[in-house]
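K.L.:
Below you will find the structure I want to go over with you.
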Amino acid sequence: MKPYFILLLIVIIFCSCNKDEISESEIPEWLEPRIEELENTEQHCWSCNITRYTYNDEFYYNIYCGYWSCMYCKFYNSEGTLVSELSEFDFNNFIANKQGEIIIWECTKSE
């Protein structure tokens, strides 16, 4: 009985682990040109990242660079529409209830 319990415990632990890395297939196609733009900018892409959140069972994406003056100025829904263009989006509710925050891309340039 003990070997089965240990095996079951190992399977549960293995299955419950979160992935730390996002594969390229998990980055929406509409984000790819924005990533290329950040990587090819003259200021390089110092301190830039894309974070994915879950809110109301949907993904939302925030593009942010440390040298920008706003935190959520490039904040998109799963379709690639700027959230600021959505008339019925409750941003305060999003901030209070967002989940699953994960960085799906970070700038790799250090220049």
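Chain lettering (A, B, ...) mirrors the order of the structure tokens, residue numbering begins at 1 for each chain separately, and ligand numbering begins at 1 in order of display.
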Name the residues in contact with range 87-103 of chain A at a cut-off of 7 Å, using only C-alpha atoms, excluding same-chain residues fewer than 4 positions from it; report them as an MDAnalysis selection string.

P.N.:
chainID A and resid 49:55

K.L.:
Please identify which residues in range 18-73 of chain A DSSP calls alpha helix (DSSP H) from the backbone, and express them as a ChimeraX atom specification.

P.N.:
/A:32-39

K.L.:
What is the CA of Trp105 in chain A-CA of Glu85 in chain A distance in Å, reported with one decimal?

P.N.:
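Atom-to-atom, CA of Trp105 in chain A and CA of Glu85 in chain A are spaced 23.9 Å apart.
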
K.L.:
Could you tell me which of A:Glu36, A:Glu29, A:Glu42, A:Asp57 comes closest to Gly80 in chain A if we count only C-alpha atoms?

P.N.:
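Of A:Glu36, A:Glu29, A:Glu42, A:Asp57, the one nearest Gly80 in chain A is A:Glu29, counting only C-alpha atoms.
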
K.L.:
Which one of A:Leu31, A:Val83, A:Leu38, A:Ile63 sits closest to Thr108 in chain A if you count only C-alpha atoms?

P.N.:
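Among A:Leu31, A:Val83, A:Leu38, A:Ile63, it is A:Leu38 that comes nearest to Thr108 in chain A.
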
K.L.:
Separation of CA of Tyr64 in chain A and CA of Cys48 in chain A, in Å?

P.N.:
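It comes out at 5.5 Å.
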
K.L.:
Find the residues around Cys45 in chain A up to 10 Å (only C-alpha atoms counted), leave out those fewer than 2 positions away in its own chain, and share them as a ChimeraX atom specification.

P.N.:
/A:35,37-43,47-49,64-67,106-111
